[in-house]
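Visitor: Provided below: start-v5.cif, containing mmCIF, C-alpha atoms.
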data_start
#
loop_
_atom_site.group_PDB
_atom_site.id
_atom_site.type_symbol
_atom_site.label_atom_id
_atom_site.label_comp_id
_atom_site.auth_asym_id
_atom_site.auth_seq_id
_atom_site.Cartn_x
_atom_site.Cartn_y
_atom_site.Cartn_z
ATOM 1 C CA MET A 126 -34.695 -0.225 -33.273
ATOM 2 C CA SER A 127 -36.409 -0.091 -36.649
ATOM 3 C CA PRO A 128 -34.853 1.995 -39.442
ATOM 4 C CA ALA A 129 -37.970 4.217 -39.462
ATOM 5 C CA TRP A 130 -37.499 5.087 -35.790
ATOM 6 C CA TRP A 131 -33.745 5.463 -36.189
ATOM 7 C CA ARG A 132 -34.326 8.245 -38.734
ATOM 8 C CA TRP A 133 -36.343 10.145 -36.094
ATOM 9 C CA ILE A 134 -34.001 9.428 -33.183
ATOM 10 C CA ALA A 135 -30.727 10.138 -34.986
ATOM 11 C CA THR A 136 -31.713 13.383 -36.694
ATOM 12 C CA ARG A 137 -29.382 16.173 -35.606
ATOM 13 C CA GLY A 138 -31.423 19.019 -37.051
ATOM 14 C CA SER A 139 -34.607 20.623 -35.802
ATOM 15 C CA LEU A 140 -37.185 18.118 -34.579
ATOM 16 C CA THR A 141 -39.787 20.885 -34.831
ATOM 17 C CA GLN A 142 -39.140 21.203 -38.560
ATOM 18 C CA ARG A 143 -39.297 17.416 -39.063
ATOM 19 C CA LEU A 144 -42.620 17.258 -37.195
ATOM 20 C CA ILE A 145 -44.091 20.095 -39.273
ATOM 21 C CA GLU A 146 -43.049 18.347 -42.498
ATOM 22 C CA ALA A 147 -44.208 14.873 -41.425
ATOM 23 C CA GLY A 148 -47.495 16.153 -40.033
ATOM 24 C CA ALA A 149 -48.545 18.315 -42.979
ATOM 25 C CA PRO A 150 -51.212 19.446 -43.611
ATOM 26 C CA ARG A 151 -52.031 19.243 -39.892
ATOM 27 C CA ARG A 152 -51.320 22.363 -37.813
ATOM 28 C CA PHE A 153 -48.226 22.239 -35.599
ATOM 29 C CA ARG A 154 -48.528 23.718 -32.121
ATOM 30 C CA VAL A 155 -46.380 23.935 -28.998
ATOM 31 C CA ARG A 156 -48.456 23.497 -25.836
ATOM 32 C CA LEU A 157 -46.605 24.996 -22.867
ATOM 33 C CA LEU A 158 -47.093 22.734 -19.835
ATOM 34 C CA ASP A 159 -44.650 24.254 -17.347
ATOM 35 C CA GLN A 160 -41.865 26.822 -17.313
ATOM 36 C CA ARG A 161 -40.037 27.971 -14.197
ATOM 37 C CA LEU A 162 -36.814 28.139 -12.289
ATOM 38 C CA GLY A 163 -36.121 25.028 -10.262
ATOM 39 C CA ARG A 164 -33.638 22.318 -9.470
ATOM 40 C CA PRO A 165 -32.613 19.797 -12.120
ATOM 41 C CA ARG A 166 -32.957 16.071 -11.646
ATOM 42 C CA ARG A 167 -29.605 14.490 -10.770
ATOM 43 C CA ASP A 168 -29.177 12.978 -14.261
ATOM 44 C CA GLU A 169 -29.905 16.379 -15.847
ATOM 45 C CA ALA A 170 -27.328 18.124 -13.653
ATOM 46 C CA MET A 171 -24.732 15.500 -14.587
ATOM 47 C CA ALA A 172 -25.478 15.885 -18.323
ATOM 48 C CA LEU A 173 -25.047 19.660 -18.040
ATOM 49 C CA GLY A 174 -22.018 19.533 -15.730
ATOM 50 C CA THR A 175 -23.733 21.566 -13.028
ATOM 51 C CA ALA A 176 -24.443 20.931 -9.355
ATOM 52 C CA PRO A 177 -27.858 19.384 -8.645
ATOM 53 C CA ASP A 178 -28.602 22.044 -6.025
ATOM 54 C CA ARG A 179 -28.148 24.942 -8.505
ATOM 55 C CA LEU A 180 -31.189 26.627 -9.998
ATOM 56 C CA VAL A 181 -31.904 26.010 -13.670
ATOM 57 C CA TRP A 182 -34.474 27.192 -16.192
ATOM 58 C CA ARG A 183 -36.896 24.327 -16.896
ATOM 59 C CA ARG A 184 -39.521 24.119 -19.609
ATOM 60 C CA GLU A 185 -41.898 21.282 -20.453
ATOM 61 C CA VAL A 186 -43.998 21.254 -23.609
ATOM 62 C CA ALA A 187 -46.123 18.993 -25.754
ATOM 63 C CA LEU A 188 -45.374 19.204 -29.464
ATOM 64 C CA CYS A 189 -48.735 18.688 -31.120
ATOM 65 C CA LEU A 190 -50.216 18.183 -34.549
ATOM 66 C CA ASP A 191 -53.856 19.316 -34.669
ATOM 67 C CA ASP A 192 -53.743 19.517 -30.841
ATOM 68 C CA ARG A 193 -52.756 15.820 -30.609
ATOM 69 C CA PRO A 194 -49.452 15.484 -28.686
ATOM 70 C CA TRP A 195 -46.771 13.644 -30.688
ATOM 71 C CA VAL A 196 -43.732 14.494 -28.522
ATOM 72 C CA MET A 197 -43.266 15.464 -24.879
ATOM 73 C CA ALA A 198 -40.175 17.618 -24.368
ATOM 74 C CA ARG A 199 -38.301 19.009 -21.385
ATOM 75 C CA SER A 200 -35.497 21.549 -21.680
ATOM 76 C CA VAL A 201 -33.139 22.424 -18.837
ATOM 77 C CA ALA A 202 -30.543 25.217 -18.917
ATOM 78 C CA PRO A 203 -28.166 26.392 -16.164
ATOM 79 C CA LEU A 204 -28.820 29.998 -15.175
ATOM 80 C CA HIS A 205 -25.167 31.033 -15.468
ATOM 81 C CA GLY A 206 -25.330 30.595 -19.263
ATOM 82 C CA LEU A 207 -28.616 32.422 -19.801
ATOM 83 C CA HIS A 208 -27.180 35.938 -19.768
ATOM 84 C CA GLY A 209 -28.895 37.816 -22.594
ATOM 85 C CA GLN A 210 -31.143 34.915 -23.646
ATOM 86 C CA ARG A 211 -34.881 35.657 -23.553
ATOM 87 C CA LEU A 212 -36.187 32.154 -23.092
ATOM 88 C CA ALA A 213 -38.842 33.082 -20.542
ATOM 89 C CA GLY A 214 -40.677 34.906 -23.326
ATOM 90 C CA LEU A 215 -40.934 31.910 -25.652
ATOM 91 C CA GLY A 216 -44.462 31.131 -24.541
ATOM 92 C CA GLU A 217 -45.941 28.631 -26.978
ATOM 93 C CA ARG A 218 -43.226 29.105 -29.573
ATOM 94 C CA SER A 219 -40.743 26.344 -30.280
ATOM 95 C CA LEU A 220 -37.374 26.433 -28.524
ATOM 96 C CA GLY A 221 -35.989 24.454 -31.477
ATOM 97 C CA HIS A 222 -37.065 27.151 -33.915
ATOM 98 C CA TRP A 223 -34.960 29.667 -31.985
ATOM 99 C CA LEU A 224 -32.057 27.295 -31.292
ATOM 100 C CA PHE A 225 -31.475 26.143 -34.851
ATOM 101 C CA ARG A 226 -31.210 29.730 -36.094
ATOM 102 C CA GLN A 227 -28.203 30.371 -33.840
ATOM 103 C CA PRO A 228 -24.896 30.393 -35.742
ATOM 104 C CA GLY A 229 -22.358 27.910 -34.447
ATOM 105 C CA LEU A 230 -24.919 25.775 -32.591
ATOM 106 C CA GLU A 231 -23.363 22.452 -31.574
ATOM 107 C CA ARG A 232 -25.279 19.327 -30.587
ATOM 108 C CA GLY A 233 -23.585 16.831 -28.289
ATOM 109 C CA PRO A 234 -24.069 13.078 -28.532
ATOM 110 C CA ILE A 235 -27.657 11.852 -28.646
ATOM 111 C CA GLU A 236 -28.598 9.493 -25.812
ATOM 112 C CA VAL A 237 -31.468 7.088 -26.564
ATOM 113 C CA SER A 238 -33.922 5.663 -24.042
ATOM 114 C CA ALA A 239 -36.685 3.063 -24.211
ATOM 115 C CA ASP A 240 -37.971 4.255 -20.817
ATOM 116 C CA PRO A 241 -41.030 6.495 -20.498
ATOM 117 C CA ALA A 242 -40.564 10.221 -19.970
ATOM 118 C CA PRO A 243 -39.499 10.761 -16.337
ATOM 119 C CA PHE A 244 -41.292 14.124 -16.257
ATOM 120 C CA HIS A 245 -44.668 13.246 -17.762
ATOM 121 C CA ASP A 246 -46.994 10.260 -17.831
ATOM 122 C CA ALA A 247 -47.338 9.734 -21.574
ATOM 123 C CA PRO A 248 -46.661 6.355 -23.217
ATOM 124 C CA GLY A 249 -44.312 6.095 -26.139
ATOM 125 C CA PRO A 250 -41.685 3.846 -27.667
ATOM 126 C CA TRP A 251 -38.550 6.007 -27.571
ATOM 127 C CA GLY A 252 -36.916 9.020 -26.010
ATOM 128 C CA ARG A 253 -33.729 10.917 -26.738
ATOM 129 C CA ARG A 254 -31.732 13.711 -25.208
ATOM 130 C CA SER A 255 -28.696 15.792 -25.997
ATOM 131 C CA VAL A 256 -27.000 18.986 -24.899
ATOM 132 C CA LEU A 257 -27.017 21.851 -27.384
ATOM 133 C CA ARG A 258 -24.444 24.616 -27.004
ATOM 134 C CA HIS A 259 -24.194 28.105 -28.399
ATOM 135 C CA GLY A 260 -21.270 30.017 -26.908
ATOM 136 C CA ARG A 261 -21.688 29.965 -23.101
ATOM 137 C CA PHE A 262 -25.312 28.911 -23.431
ATOM 138 C CA ALA A 263 -26.073 25.202 -22.922
ATOM 139 C CA VAL A 264 -29.445 23.466 -22.808
ATOM 140 C CA LEU A 265 -30.320 19.825 -22.264
ATOM 141 C CA VAL A 266 -33.182 18.947 -24.612
ATOM 142 C CA GLN A 267 -35.121 15.765 -23.835
ATOM 143 C CA GLU A 268 -37.725 14.549 -26.332
ATOM 144 C CA PHE A 269 -40.027 11.565 -25.905
ATOM 145 C CA PHE A 270 -41.908 10.300 -28.947
ATOM 146 C CA LEU A 271 -45.478 9.268 -28.131
ATOM 147 C CA ASP A 272 -47.646 6.370 -29.258
ATOM 148 C CA ALA A 273 -49.952 8.887 -30.972
ATOM 149 C CA MET A 274 -47.129 9.902 -33.314
ATOM 150 C CA ALA A 275 -46.331 6.262 -34.074
ATOM 151 C CA ASP A 276 -50.006 5.590 -34.824
ATOM 152 C CA ASP A 277 -50.498 8.678 -37.009
ATOM 153 C CA LEU A 278 -47.327 8.030 -39.051
ATOM 154 C CA ALA A 279 -47.782 4.220 -39.116
ATOM 155 C CA LEU A 280 -44.401 3.729 -37.428
ATOM 156 C CA PRO A 281 -43.587 0.331 -35.912
ATOM 157 C CA ALA A 282 -44.033 -0.137 -32.168
ATOM 158 C CA ARG A 283 -40.219 -0.197 -31.741
#
As structure tokens, how would this structure be written, given the file I've shared?

Guide:
Amino acid sequence: MSPAWWRWIATRGSLTQRLIEAGAPRRFRVRLLDQRLGRPRRDEAMALGTAPDRLVWRREVALCLDDRPWVMARSVAPLHGLHGQRLAGLGERSLGHWLFRQPGLERGPIEVSADPAPFHDAPGPWGRRSVLRHGRFAVLVQEFFLDAMADDLALPAR
């Protein structure tokens, strides 16, 4: 992995904020693709420590600069930890913007993948995922960087 990509993959802070800064003066936008209750994929259930037959909150978005998708993201949270969280009302606002304002937020290890996003057909060089925890609340955040982002920022192919 190139050092330029490593800086994107390894960042532990808000990816939303990094995208806004890197994409300026372009307009950042979250495009909501899907949000519903459903079953997690087996790998998602394992990452969250929940049974694969349990319902979870799932959200898929495209993180865009000037309406051009740079990142495809999928978030999955077990229902038992959602008490009091108002995630269904996020709409086209960034989950990261809300998450990184929570005191005591902890990010687990970042897993890196060179495979395409298993939830969306969008080509890109890298993906990452990690579990973020705030008290009883846990969410698996999966982010796949797209070729469009690499092109716009003149990042190497890998």

Visitor: So, with all atoms listed in the file as the atoms that count, which of A:Pro203, A:Gly174, A:Gly138, A:Gly249 lies closest to Arg226 in chain A?

Guide: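 Comparing A:Pro203, A:Gly174, A:Gly138, A:Gly249 against Arg226 in chain A, the winner is A:Gly138.
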
Visitor: Can you list what the PyMOL selection byres ((chain A and resi 156) around 7) grabs from this structure, as a VMD selection string?

Guide: chain A and resid 154 to 155 157 to 158 186 to 188 217

Visitor: Within 9 Å of (-36.0, 32.5, -16.6) in the file's own coordinates, which protein, DNA or RNA residues have an atom, counting all atoms listed in the file? List them as a PyMOL selection string.

Guide: chain A and resi 160-162+181-183+204+207+210-214

Visitor: Hey, can you check how far CA of Ala242 in chain A sits from CA of Ala147 in chain A?

Guide: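 Value for the CA of Ala242 in chain A-CA of Ala147 in chain A distance: 22.3 Å.
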
Visitor: Starting from the shown file, work through the PyMOL selection byres ((chain A and resi 265) around 10) and note down what comes out as number ranges by chain.

Guide: A: 169-170, 172-173, 183, 199-203, 232-233, 254-258, 263-264, 266-268
